[in-house]
Amino acid sequence: MADLKLLIAGGDYTSFLLTRPRLTEKRAVDQKFVVGDLSVNMANTQGEFSPGNGNFLFAGGEMYGKSLELQYLGVTFWEGIVDHVRETEDRKTATIKARNRLANLKEAIINWSSSDVNPAEDSLEIIRAAGIPDAAIDLPSFQRSADVLAQLGVSVDVNFLKKKKKKTTFVLESLARVSNADLFTARGKIYFKVWESPSPIINIALGEDEIVSVQRDGKQTRYIKNDYLVGYSGDGGNPVDDEDNNDVGSESRGQFGTRTQELDTGDNDNIIYQTQAAAVAVGEKYIARYSQPKDVLKVSFPIDVETDFSLARDFSMTYDRFGYSDKALTPLSITYDFGRKVYTVEALEL
């Protein structure tokens, strides 16, 4: 496995790998934070991965919490922390399961209050306060999102006291929702990406001759949002919707019925917009993004480390059979198959 390398606590344990791992990462467009994990099957013939065995390879008699990194052709495709090790009954093989460094955010109860803040900037501060190092954060995505939200005039008050017993990820998901942003991890880093149209950078142009296989599910209506319900500071407890304002989703509502995106947290307004204008601006971005059916497809193509393709990269695709010419797509999930040496990407029309 000269092209593949497995590092645990900085040491190279590739020679113990029994099979080439398959890795899947997901990017939820409903602002639900998805924490990825990775399992690797290891030869354990001498008890090298059995705590308490004299041949155990790790100092301190413990693997839990050790760093684990998977590289392909010298590029890091995944990194995280060892969560547990399970041996087979005969103890000849062991499965190591590692979780993304950000998994702890799903467990921690948050105590947080801030006023008149940019949601992307506040999200970054919450993540840092939880002990996540900058090396595990994609800072440019937070900065770009903060800039876009500032241009829209979006500012919010955030209030989650410890007695509410809310998890850190709940607050981050809520801040993503009031921003029309996707919150996800890719290649061991956390991203906060506000939707933009047109997307400022299409990172990869995928031509028909590069495609291994492709399957299109056709236009899907399950993502449609054509109305919003949102509160703001000073609304007197009366949230507003699209009909109360510019009615930009009326055509879609006539075609598909009303499908509403609720923009507060649904929990006593623990996040609330400072102004009605900001609330409406984000609501209308949801309608612009989701008011019409969108193509969903799966496409496989060779892993190419030069392109640095990941869940964070929007891409374009030319495929005559589907009538695609530089069709812009957002990845929803990527499976890295290091045996076949291909990506399989589920993607949504941008």
# chains A, B, ... in the order shown; residues from 1 in each chain; ligands from 1
>>> residues_around(residues="Gln274 of chain A", least_positions_apart="4", cutoff="10 Å", atoms="only C-alpha atoms", output="MDAnalysis selection string")
chainID A and resid 115:117 153:157 231:234 278:279
>>> closest_residue(among="A:Tyr290, A:Tyr228, A:Phe58, A:Trp195", to="Ala146 of chain A", atoms="only C-alpha atoms")
A:Trp195
>>> closest_residue(among="A:Val248, A:Ile211, A:Ala205, A:Leu38", to="Val342 of chain A", atoms="only C-alpha atoms")
A:Ile211
>>> residues_around(residues="Phe338 of chain A", least_positions_apart="4", cutoff="7 Å", atoms="only C-alpha atoms", output="list in words")
Arg20, Pro21, Arg22 and Val342 of chain A
>>> write_last_selection(atoms="C-alpha atoms", output="short mmCIF file (atom, residue, chain, number, x, y, z; two decimals), in the first residue's frame")
data_model
loop_
_atom_site.label_atom_id
_atom_site.label_comp_id
_atom_site.auth_asym_id
_atom_site.auth_seq_id
_atom_site.Cartn_x
_atom_site.Cartn_y
_atom_site.Cartn_z
CA ARG A 20 -8.04 -0.44 2.05
CA PRO A 21 -10.57 1.70 3.91
CA ARG A 22 -13.61 3.37 2.37
CA VAL A 342 -12.32 6.72 -7.17
#
>>> residues_around(residues="Ile127 of chain A", least_positions_apart="5", cutoff="12 Å", atoms="only C-alpha atoms", output="PyMOL selection string")
chain A and resi 101-106+108+110+112+120-122+132-139+142+168-169+171-172+183+189-192
>>> write_last_selection(atoms="C-alpha atoms", output="short mmCIF file (atom, residue, chain, number, x, y, z; two decimals), in the first residue's frame")
data_model
loop_
_atom_site.label_atom_id
_atom_site.label_comp_id
_atom_site.auth_asym_id
_atom_site.auth_seq_id
_atom_site.Cartn_x
_atom_site.Cartn_y
_atom_site.Cartn_z
CA ARG A 101 -11.94 15.94 16.35
CA LEU A 102 -15.18 17.89 16.42
CA ALA A 103 -17.26 15.03 17.84
CA ASN A 104 -16.94 16.48 21.33
CA LEU A 105 -19.09 19.41 20.23
CA LYS A 106 -22.06 17.05 20.11
CA ALA A 108 -20.75 19.49 25.43
CA ILE A 110 -23.03 25.20 26.20
CA TRP A 112 -23.19 31.27 25.79
CA ALA A 120 -20.41 33.32 11.30
CA GLU A 121 -18.06 35.20 13.62
CA ASP A 122 -19.96 34.06 16.71
CA ILE A 132 -11.02 23.27 18.89
CA PRO A 133 -7.68 24.52 17.50
CA ASP A 134 -7.54 26.75 14.43
CA ALA A 135 -5.75 23.94 12.61
CA ALA A 136 -9.06 22.02 12.66
CA ILE A 137 -11.11 24.98 11.35
CA ASP A 138 -11.36 26.25 7.78
CA LEU A 139 -10.96 29.92 8.68
CA PHE A 142 -15.94 31.53 8.20
CA THR A 168 -22.81 23.11 21.37
CA THR A 169 -23.82 21.61 18.04
CA VAL A 171 -26.31 26.32 18.85
CA LEU A 172 -24.01 26.03 15.83
CA LEU A 183 -22.13 23.53 8.59
CA LYS A 189 -11.79 20.63 9.30
CA ILE A 190 -15.05 22.38 10.13
CA TYR A 191 -16.63 24.63 7.51
CA PHE A 192 -19.31 27.32 7.73
#
>>> select_by_dssp(residues="segment 162-337 of chain A", states="alpha helix (DSSP H)", output="JSON, numbers by chain")
{"A": [168, 169, 170, 171, 172, 173, 174, 175, 176, 177, 250, 251, 252, 253, 254, 255, 256, 276, 277, 278, 279, 280, 281, 282, 283, 284, 285, 286, 287, 288, 289, 290]}
>>> closest_residue(among="A:Gln276, A:Asn100, A:Ser145, A:Ser291", to="Gly254 of chain A", atoms="only C-alpha atoms")
A:Ser291
>>> atom_distance(atom1="atom CA of Asn245 of chain A", atom2="atom CA of Lys294 of chain A")
25.5 Å
>>> select_by_dssp(residues="segment 155-199 of chain A", states="strand (DSSP E)", output="PyMOL selection string")
chain A and resi 156-160+181-186+189-194
>>> closest_residue(among="A:Asp337, A:Glu25, A:Glu346, A:Glu87", to="Glu48 of chain A", atoms="only C-alpha atoms")
A:Glu87
>>> residues_around(residues="Asp242 of chain A", least_positions_apart="3", cutoff="8 Å", atoms="only C-alpha atoms", output="number ranges by chain")
A: 227-229, 245-249, 280, 283-284
>>> residues_around(residues="Gly80 of chain A", least_positions_apart="3", cutoff="8 Å", atoms="only C-alpha atoms", output="number ranges by chain")
A: 37, 67-69, 98-101, 188
>>> closest_residue(among="A:Ser197, A:Gln220, A:Thr275, A:Thr335", to="Pro293 of chain A", atoms="only C-alpha atoms")
A:Gln220
>>> atom_distance(atom1="atom CA of Glu173 of chain A", atom2="atom CA of Ser123 of chain A")
9.3 Å
>>> atom_distance(atom1="atom CA of Lys92 of chain A", atom2="atom CA of Tyr72 of chain A")
26.2 Å
>>> residues_around(residues="Asn270 of chain A", least_positions_apart="6", cutoff="7 Å", atoms="only C-alpha atoms", output="VMD selection string")
chain A and resid 158 to 160
